[in-house]
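Engineer: First, the structure itself, so that you have it in front of you.
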Amino acid sequence: MKNKQVEYQDWGLIDYKEAWDKQESIFSQSVQLKTRIRNHQQAVLAGAEQEGEEILTPNYLIFCEHPHVYTLGKSGKADHLLLDEAGLKEKDAVYYPINRGGDITYHGPGQLVAYPILDLDNFFTDIHLYLRTLEEAVIQTLAHYGIAAGRYPGYTGVWLDPDNEQRARKICAMGVRCSRWVTMHGLALNVNANLSYFGHIVPCGINDKAVASMENELGRKVDMNEVKEILKHHISVQFGMEMMG
C-alpha cells in the first residue's frame, strides 16, 4: 500500500530555527512510525504478532518564508559566508550550519521556501529522481509566467539561460536530507527576494554565477499567494499526489 495523500501547510513568515525545529519534529515522528511499521511487519512474517490494520506513513508539503538567514549544508565551506558577526547584525541576518546537503544559501522575505516531508516509499525510492521531479515542478511554475528555465549540468536547482555559460543564473536552490526514504528540507524559489543578500555569500559554493528572481525577470512584483498555488499544483502533478488542503 502507498499513501499518495499529502497534507499541505502554509507556515507564513516564520523564524528559520522555529521552522527547522518543527520540521525535525515531523520528520522524526515519520521515521519512528516507519520503523515501528517495519518491525511489526517483520514480526507478523515471523509469526510473533497478529496482522493488524494497515498503517501508512503520512506526507507533508510545507510552504513558508523566512526572515534574513544564511544556512550552510554539510558539504559546504564556512568561508563561503562573507560576513562576520558584525556584518550579519548590520544586515539583520542570522547564520546556521544545518544537516541538509549542499553548500551555503540565503533565505529571506519574498523567497518561497518549500519543505516536502515525504515518505518516498509512497512515491519512488530514488533521491536523484526526487530532486529532478522537484526541479521540474519549479520549471513548470516558471513557464506559467513565461520564464524559460532549465537545469545547469552538474548542479542541482533551477537555472535561467542554463545553456549560456556567461548568462546562466540560478533562480531556485535545493538542498535535502533523507533518512529511511523520509525527506526534509527542500527548495527556495526567488520570487520577490532582495538579491543583494546573495552578494554576501558564495551562493551554493558557485563563485562565478549570478542569481535571479521572478521579480527581476518580469520587471514587476509577483503575487506570492498565486505562486504558491501554482507551485503546489505542479508538485502535486509531478509526484501524482492527492493534495489535502
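Letters A, B, ... go to the chains of the C-alpha cells in the order shown; residues in each chain start at 1; ligands are counted from 1 in the same order.
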Pick out the residues sitting within 10 Å of Gly87 in chain A, and hand them over as a list in words; count only C-alpha atoms, and ignore anything fewer than 6 positions along from it in its own chain.
Structural biologist: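 My reading of the contact set: Ala93, Val94 and His200 of chain A.
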Engineer: Per DSSP on the backbone, filter range 15-217 of chain A down to the residues in alpha helix (DSSP H) and report them as a count of residues only.
Structural biologist: 58
Engineer: Need the shell around Pro153 in chain A: protein/DNA/RNA residues with any atom at most 12 Å away, counting only C-alpha atoms. Skip same-chain ones fewer than 6 positions apart. Format as a PyMOL selection string?
Structural biologist: chain A and resi 159+161-165+168
Engineer: So that I have them on file, write out the residues from the current selection with all heavy atoms, as a CSV table (one decimal), in the first residue's frame.
Structural biologist:
```
chain,number,residue,atom,x,y,z
A,159,TRP,N,17.7,26.9,-13.2
A,159,TRP,CA,18.5,28.0,-13.7
A,159,TRP,C,17.8,28.7,-14.9
A,159,TRP,O,17.0,28.0,-15.6
A,159,TRP,CB,19.8,27.4,-14.2
A,159,TRP,CG,20.7,26.8,-13.1
A,159,TRP,CD1,20.4,25.7,-12.4
A,159,TRP,CD2,21.9,27.4,-12.6
A,159,TRP,NE1,21.4,25.5,-11.5
A,159,TRP,CE2,22.3,26.5,-11.5
A,159,TRP,CE3,22.6,28.5,-12.8
A,159,TRP,CZ2,23.5,26.7,-10.8
A,159,TRP,CZ3,23.8,28.8,-12.1
A,159,TRP,CH2,24.2,27.9,-11.1
A,161,ASP,N,18.7,30.6,-18.6
A,161,ASP,CA,19.8,30.5,-19.6
A,161,ASP,C,20.9,29.5,-19.2
A,161,ASP,O,22.1,29.8,-19.3
A,161,ASP,CB,20.4,31.9,-19.7
A,161,ASP,CG,19.5,32.9,-20.4
A,161,ASP,OD1,18.8,32.5,-21.4
A,161,ASP,OD2,19.4,34.1,-20.0
A,162,PRO,N,20.5,28.3,-18.9
A,162,PRO,CA,21.5,27.3,-18.5
A,162,PRO,C,22.4,26.9,-19.6
A,162,PRO,O,23.5,26.3,-19.3
A,162,PRO,CB,20.6,26.1,-18.0
A,162,PRO,CG,19.3,26.2,-18.8
A,162,PRO,CD,19.1,27.7,-18.9
A,163,ASP,N,22.0,27.1,-20.8
A,163,ASP,CA,22.9,26.7,-21.9
A,163,ASP,C,23.9,27.8,-22.3
A,163,ASP,O,24.7,27.6,-23.2
A,163,ASP,CB,22.0,26.4,-23.1
A,163,ASP,CG,21.1,25.2,-22.9
A,163,ASP,OD1,21.5,24.3,-22.2
A,163,ASP,OD2,19.9,25.2,-23.4
A,164,ASN,N,23.8,29.0,-21.6
A,164,ASN,CA,24.7,30.1,-21.9
A,164,ASN,C,25.6,30.3,-20.7
A,164,ASN,O,25.2,30.8,-19.7
A,164,ASN,CB,23.9,31.3,-22.2
A,164,ASN,CG,24.8,32.5,-22.6
A,164,ASN,OD1,25.9,32.6,-22.2
A,164,ASN,ND2,24.3,33.4,-23.5
A,165,GLU,N,26.8,29.8,-20.7
A,165,GLU,CA,27.7,29.9,-19.6
A,165,GLU,C,27.9,31.3,-19.0
A,165,GLU,O,28.1,31.5,-17.8
A,165,GLU,CB,29.1,29.3,-19.9
A,165,GLU,CG,29.9,28.9,-18.7
A,165,GLU,CD,31.1,28.0,-19.0
A,165,GLU,OE1,31.0,27.2,-20.0
A,165,GLU,OE2,32.1,28.1,-18.3
A,168,ALA,N,24.1,32.2,-17.5
A,168,ALA,CA,23.4,31.3,-16.6
A,168,ALA,C,23.3,31.9,-15.2
A,168,ALA,O,24.3,32.4,-14.6
A,168,ALA,CB,24.2,30.0,-16.6
```
Engineer: Which of range 1-209 of chain A counts as strand (DSSP E) under DSSP, as a VMD selection string please?
Structural biologist: chain A and resid 5 to 13 60 to 65 69 to 72 94 to 97 104 to 107 111 to 117 149 to 150 158 to 160 169 to 179 182 to 190
Engineer: Have a look at A:Val211, A:Ile104, A:Val6, A:Val227 and name the one nearest to Glu242 in chain A; count only C-alpha atoms.
Structural biologist: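 Once distances to Glu242 in chain A are computed over only C-alpha atoms, the minimum belongs to A:Val6.
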Engineer: Find the spatial neighbours of Arg132 in chain A, counting only C-alpha atoms, within a cut-off of 12 Å - ignore same-chain residues fewer than 2 positions away - and output them as a PyMOL selection string.
Structural biologist: chain A and resi 126-130+134-139+150-152+155-158+174+187+235+238-239
Engineer: Could those residues be written to a file, using C-alpha atoms, as a compact mmCIF listing (two decimals), in the first residue's frame?
Structural biologist:
```
# COMPACT_ATOMS: atom_id res chain seq x y z
CA ASP A 126 15.35 7.41 -5.92
CA ILE A 127 16.82 10.58 -4.42
CA HIS A 128 18.14 11.83 -7.77
CA LEU A 129 14.71 11.40 -9.35
CA TYR A 130 13.25 13.17 -6.32
CA LEU A 134 11.09 18.98 -7.68
CA GLU A 135 13.10 20.86 -10.30
CA GLU A 136 10.51 20.02 -12.96
CA ALA A 137 7.70 21.38 -10.78
CA VAL A 138 9.59 24.68 -10.46
CA ILE A 139 10.38 24.76 -14.19
CA GLY A 150 16.08 24.53 -17.01
CA ARG A 151 18.93 22.62 -15.38
CA TYR A 152 22.62 23.52 -15.31
CA TYR A 155 24.37 21.28 -10.28
CA THR A 156 21.00 20.91 -8.58
CA GLY A 157 18.37 23.62 -8.66
CA VAL A 158 16.68 25.57 -11.44
CA MET A 174 17.75 22.98 -3.44
CA LEU A 187 13.81 24.22 -2.24
CA ILE A 235 4.40 19.46 -7.32
CA GLN A 238 4.71 15.68 -10.91
CA PHE A 239 4.53 13.32 -7.93
```
Engineer: Taking 6 positions as the minimum chain separation for residues in the same chain, which residues sit within 9 Å of Met244 in chain A when counting only C-alpha atoms? Answer as a PDB file with C-alpha atoms, in the first residue's frame.
Structural biologist:
```pdb
ATOM      1  CA  GLN A   5      -2.188  11.854   0.261  1.00  0.00           C
ATOM      2  CA  VAL A   6      -0.128  14.916   1.182  1.00  0.00           C
ATOM      3  CA  GLU A   7      -1.095  17.402   3.876  1.00  0.00           C
ATOM      4  CA  TYR A   8      -0.384  20.970   2.742  1.00  0.00           C
TER       5      TYR A   8
END
```
Engineer: Neighbours of Asp84 in chain A within 12 Å (only C-alpha atoms; same-chain residues fewer than 4 positions away dropped), as a list of chain:residue names?
Structural biologist: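 In the requested format, the answer is A:Tyr70, A:Ala78, A:Asp79, A:His80, A:Leu88, A:Lys89, A:Glu90, A:Lys91, A:Ala93, A:Val94, A:Tyr95, A:His200, A:Ile201.
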Engineer: Would you output that residue set with N, CA and C atoms, as a PDB file, in the first residue's frame?
Structural biologist:
```pdb
ATOM      1  N   TYR A  70      21.243  32.938   6.607  1.00  0.00           N
ATOM      2  CA  TYR A  70      22.169  32.166   5.788  1.00  0.00           C
ATOM      3  C   TYR A  70      22.313  30.777   6.406  1.00  0.00           C
ATOM      4  N   ALA A  78      32.586  27.077   5.478  1.00  0.00           N
ATOM      5  CA  ALA A  78      32.189  28.223   6.296  1.00  0.00           C
ATOM      6  C   ALA A  78      32.668  29.540   5.693  1.00  0.00           C
ATOM      7  N   ASP A  79      33.796  29.518   4.981  1.00  0.00           N
ATOM      8  CA  ASP A  79      34.312  30.769   4.416  1.00  0.00           C
ATOM      9  C   ASP A  79      33.519  31.225   3.191  1.00  0.00           C
ATOM     10  N   HIS A  80      32.495  30.466   2.788  1.00  0.00           N
ATOM     11  CA  HIS A  80      31.602  30.928   1.720  1.00  0.00           C
ATOM     12  C   HIS A  80      30.596  31.959   2.246  1.00  0.00           C
ATOM     13  N   LEU A  88      26.625  40.418   9.904  1.00  0.00           N
ATOM     14  CA  LEU A  88      25.311  39.766   9.989  1.00  0.00           C
ATOM     15  C   LEU A  88      24.331  40.652  10.749  1.00  0.00           C
ATOM     16  N   LYS A  89      24.794  41.222  11.852  1.00  0.00           N
ATOM     17  CA  LYS A  89      23.926  42.083  12.662  1.00  0.00           C
ATOM     18  C   LYS A  89      23.494  43.309  11.874  1.00  0.00           C
ATOM     19  N   GLU A  90      24.439  43.874  11.115  1.00  0.00           N
ATOM     20  CA  GLU A  90      24.132  45.064  10.307  1.00  0.00           C
ATOM     21  C   GLU A  90      23.065  44.744   9.255  1.00  0.00           C
ATOM     22  N   LYS A  91      23.117  43.537   8.711  1.00  0.00           N
ATOM     23  CA  LYS A  91      22.160  43.133   7.675  1.00  0.00           C
ATOM     24  C   LYS A  91      20.887  42.528   8.269  1.00  0.00           C
ATOM     25  N   ALA A  93      20.549  39.746   9.793  1.00  0.00           N
ATOM     26  CA  ALA A  93      20.526  38.355   9.339  1.00  0.00           C
ATOM     27  C   ALA A  93      21.153  37.451  10.395  1.00  0.00           C
ATOM     28  N   VAL A  94      20.818  36.168  10.334  1.00  0.00           N
ATOM     29  CA  VAL A  94      21.414  35.169  11.214  1.00  0.00           C
ATOM     30  C   VAL A  94      22.032  34.067  10.360  1.00  0.00           C
ATOM     31  N   TYR A  95      22.796  33.188  11.012  1.00  0.00           N
ATOM     32  CA  TYR A  95      23.533  32.136  10.305  1.00  0.00           C
ATOM     33  C   TYR A  95      23.389  30.815  11.043  1.00  0.00           C
ATOM     34  N   HIS A 200      26.654  38.547  -0.259  1.00  0.00           N
ATOM     35  CA  HIS A 200      27.455  38.334   0.946  1.00  0.00           C
ATOM     36  C   HIS A 200      27.818  36.871   1.162  1.00  0.00           C
ATOM     37  N   ILE A 201      27.563  36.044   0.142  1.00  0.00           N
ATOM     38  CA  ILE A 201      27.951  34.632   0.194  1.00  0.00           C
ATOM     39  C   ILE A 201      28.478  34.222  -1.172  1.00  0.00           C
TER      40      ILE A 201
END
```
Engineer: Any chance you could tabulate, as a tab-separated table, the residues of range 45-156 of chain A at most 10 Å from range 19-32 of chain A with each one's nearest atom pair and distance in Å to one decimal, using only C-alpha atoms, in chain and rising number order?
Structural biologist:
```
residue	atom	partner	partner_atom	distance
A:Leu56	CA	A:Ser30	CA	9.7
A:Thr57	CA	A:Ser30	CA	6.2
A:Pro58	CA	A:Ser30	CA	7.0
A:Asn59	CA	A:Ser30	CA	8.5
A:Tyr60	CA	A:Ile26	CA	8.8
A:Ile62	CA	A:Gln23	CA	9.0
A:Cys64	CA	A:Ala19	CA	8.7
A:Glu65	CA	A:Ala19	CA	9.7
A:His66	CA	A:Ala19	CA	8.7
A:Ile98	CA	A:Trp20	CA	9.1
A:Tyr115	CA	A:Gln23	CA	8.0
A:Pro116	CA	A:Gln23	CA	9.5
A:Ile117	CA	A:Phe27	CA	6.5
A:Leu118	CA	A:Phe27	CA	8.6
A:Asp119	CA	A:Ser30	CA	7.8
```
Engineer: Go ahead and write the residues just picked, all heavy atoms, as a CSV table (one decimal), in the first residue's frame.
Structural biologist:
```csv
chain,number,residue,atom,x,y,z
A,56,LEU,N,-0.1,3.6,7.4
A,56,LEU,CA,0.8,4.2,6.4
A,56,LEU,C,1.4,5.5,6.9
A,56,LEU,O,0.8,6.3,7.6
A,56,LEU,CB,0.0,4.5,5.1
A,56,LEU,CG,-0.7,3.3,4.5
A,56,LEU,CD1,-1.6,3.8,3.3
A,56,LEU,CD2,0.3,2.3,3.9
A,57,THR,N,2.7,5.7,6.5
A,57,THR,CA,3.3,7.0,7.0
A,57,THR,C,2.7,8.2,6.2
A,57,THR,O,2.4,8.1,5.0
A,57,THR,CB,4.8,6.9,6.7
A,57,THR,OG1,5.1,6.4,5.4
A,57,THR,CG2,5.5,6.0,7.7
A,58,PRO,N,2.6,9.3,6.9
A,58,PRO,CA,2.0,10.5,6.3
A,58,PRO,C,3.0,11.2,5.4
A,58,PRO,O,4.2,11.0,5.5
A,58,PRO,CB,1.6,11.3,7.5
A,58,PRO,CG,2.6,11.0,8.6
A,58,PRO,CD,2.9,9.5,8.3
A,59,ASN,N,2.5,12.2,4.6
A,59,ASN,CA,3.3,13.0,3.8
A,59,ASN,C,2.9,14.5,4.0
A,59,ASN,O,1.7,14.7,4.2
A,59,ASN,CB,3.2,12.7,2.3
A,59,ASN,CG,3.4,11.3,2.0
A,59,ASN,OD1,4.6,10.8,2.1
A,59,ASN,ND2,2.4,10.5,1.7
A,60,TYR,N,3.8,15.4,4.0
A,60,TYR,CA,3.5,16.8,4.2
A,60,TYR,C,4.2,17.7,3.1
A,60,TYR,O,5.3,17.4,2.7
A,60,TYR,CB,4.0,17.3,5.6
A,60,TYR,CG,3.4,16.5,6.7
A,60,TYR,CD1,4.1,15.4,7.2
A,60,TYR,CD2,2.3,16.9,7.4
A,60,TYR,CE1,3.5,14.6,8.2
A,60,TYR,CE2,1.8,16.2,8.4
A,60,TYR,CZ,2.4,15.1,8.8
A,60,TYR,OH,1.9,14.3,9.9
A,62,ILE,N,5.1,21.7,3.0
A,62,ILE,CA,5.1,22.9,3.8
A,62,ILE,C,5.7,24.1,3.0
A,62,ILE,O,6.8,24.0,2.5
A,62,ILE,CB,5.9,22.7,5.2
A,62,ILE,CG1,5.2,21.6,6.0
A,62,ILE,CG2,5.9,24.0,5.9
A,62,ILE,CD1,6.1,21.0,7.0
A,64,CYS,N,6.6,28.3,3.2
A,64,CYS,CA,6.9,29.4,4.2
A,64,CYS,C,7.8,30.4,3.6
A,64,CYS,O,8.4,30.2,2.5
A,64,CYS,CB,7.4,28.9,5.5
A,64,CYS,SG,9.0,28.1,5.4
A,65,GLU,N,8.0,31.5,4.3
A,65,GLU,CA,9.1,32.5,4.1
A,65,GLU,C,9.9,32.6,5.4
A,65,GLU,O,9.3,32.4,6.4
A,65,GLU,CB,8.5,33.8,3.6
A,65,GLU,CG,7.8,33.8,2.3
A,65,GLU,CD,7.2,35.1,1.9
A,65,GLU,OE1,8.0,36.1,1.8
A,65,GLU,OE2,6.0,35.2,1.9
A,66,HIS,N,11.1,33.1,5.3
A,66,HIS,CA,11.9,33.3,6.4
A,66,HIS,C,12.5,34.7,6.5
A,66,HIS,O,12.7,35.3,5.5
A,66,HIS,CB,13.2,32.3,6.4
A,66,HIS,CG,12.8,30.9,6.6
A,66,HIS,ND1,12.0,30.3,7.6
A,66,HIS,CD2,13.2,29.8,5.8
A,66,HIS,CE1,11.9,29.1,7.4
A,66,HIS,NE2,12.6,28.7,6.3
A,98,ILE,N,23.6,23.6,9.1
A,98,ILE,CA,22.5,22.6,9.2
A,98,ILE,C,22.8,21.3,8.5
A,98,ILE,O,23.8,21.1,7.9
A,98,ILE,CB,21.1,23.2,8.6
A,98,ILE,CG1,21.3,23.5,7.1
A,98,ILE,CG2,20.7,24.4,9.4
A,98,ILE,CD1,20.0,23.9,6.4
A,115,TYR,N,9.2,22.9,1.9
A,115,TYR,CA,9.7,21.8,2.7
A,115,TYR,C,8.8,20.5,2.5
A,115,TYR,O,7.8,20.4,3.2
A,115,TYR,CB,9.8,22.1,4.2
A,115,TYR,CG,10.8,23.2,4.5
A,115,TYR,CD1,10.4,24.3,5.4
A,115,TYR,CD2,12.1,23.2,4.1
A,115,TYR,CE1,11.3,25.3,5.7
A,115,TYR,CE2,13.0,24.2,4.4
A,115,TYR,CZ,12.6,25.2,5.2
A,115,TYR,OH,13.4,26.2,5.6
A,116,PRO,N,9.1,19.7,1.6
A,116,PRO,CA,8.3,18.4,1.5
A,116,PRO,C,8.9,17.4,2.5
A,116,PRO,O,10.1,17.1,2.5
A,116,PRO,CB,8.6,17.9,0.0
A,116,PRO,CG,9.3,19.1,-0.7
A,116,PRO,CD,10.0,19.8,0.4
A,117,ILE,N,8.0,16.9,3.4
A,117,ILE,CA,8.4,15.9,4.3
A,117,ILE,C,7.6,14.6,3.8
A,117,ILE,O,6.5,14.4,4.2
A,117,ILE,CB,8.1,16.2,5.7
A,117,ILE,CG1,8.8,17.6,6.1
A,117,ILE,CG2,8.6,15.1,6.7
A,117,ILE,CD1,8.5,18.0,7.5
A,118,LEU,N,8.3,13.9,2.9
A,118,LEU,CA,7.6,12.8,2.2
A,118,LEU,C,8.2,11.5,2.6
A,118,LEU,O,9.5,11.4,2.8
A,118,LEU,CB,7.7,13.0,0.7
A,118,LEU,CG,7.3,14.3,0.1
A,118,LEU,CD1,7.5,14.3,-1.4
A,118,LEU,CD2,5.8,14.6,0.4
A,119,ASP,N,7.4,10.4,2.6
A,119,ASP,CA,8.0,9.1,2.7
A,119,ASP,C,8.1,8.6,1.2
A,119,ASP,O,7.1,8.3,0.6
A,119,ASP,CB,7.1,8.1,3.5
A,119,ASP,CG,7.6,6.7,3.5
A,119,ASP,OD1,8.6,6.4,2.9
A,119,ASP,OD2,7.0,5.8,4.1
```
Engineer: Might you pull out every residue within 12 Å of His144 in chain A, with only C-alpha atoms counted and same-chain residues fewer than 2 positions away left off, and present them as number ranges by chain?
Structural biologist: A: 137-142, 146-149, 214, 226-227, 229-231, 233-234
Engineer: Considering only C-alpha atoms, can you say which of A:Ile14, A:Leu33, A:Leu81, A:Leu112 comes closest to Val222 in chain A?
Structural biologist: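 Answer, going by the shortest atom-to-atom distance: A:Leu112.
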Engineer: Restricting the calculation to only C-alpha atoms, which member of A:Pro67, A:Leu83, A:Thr35, A:Asp10 is positioned closest to Val202 in chain A?
Structural biologist: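 The closest residue to Val202 in chain A is A:Leu83.
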Engineer: How far is it from CA of Ser196 in chain A to CA of Leu160 in chain A, in Å with one decimal?
Structural biologist: 18.1 Å
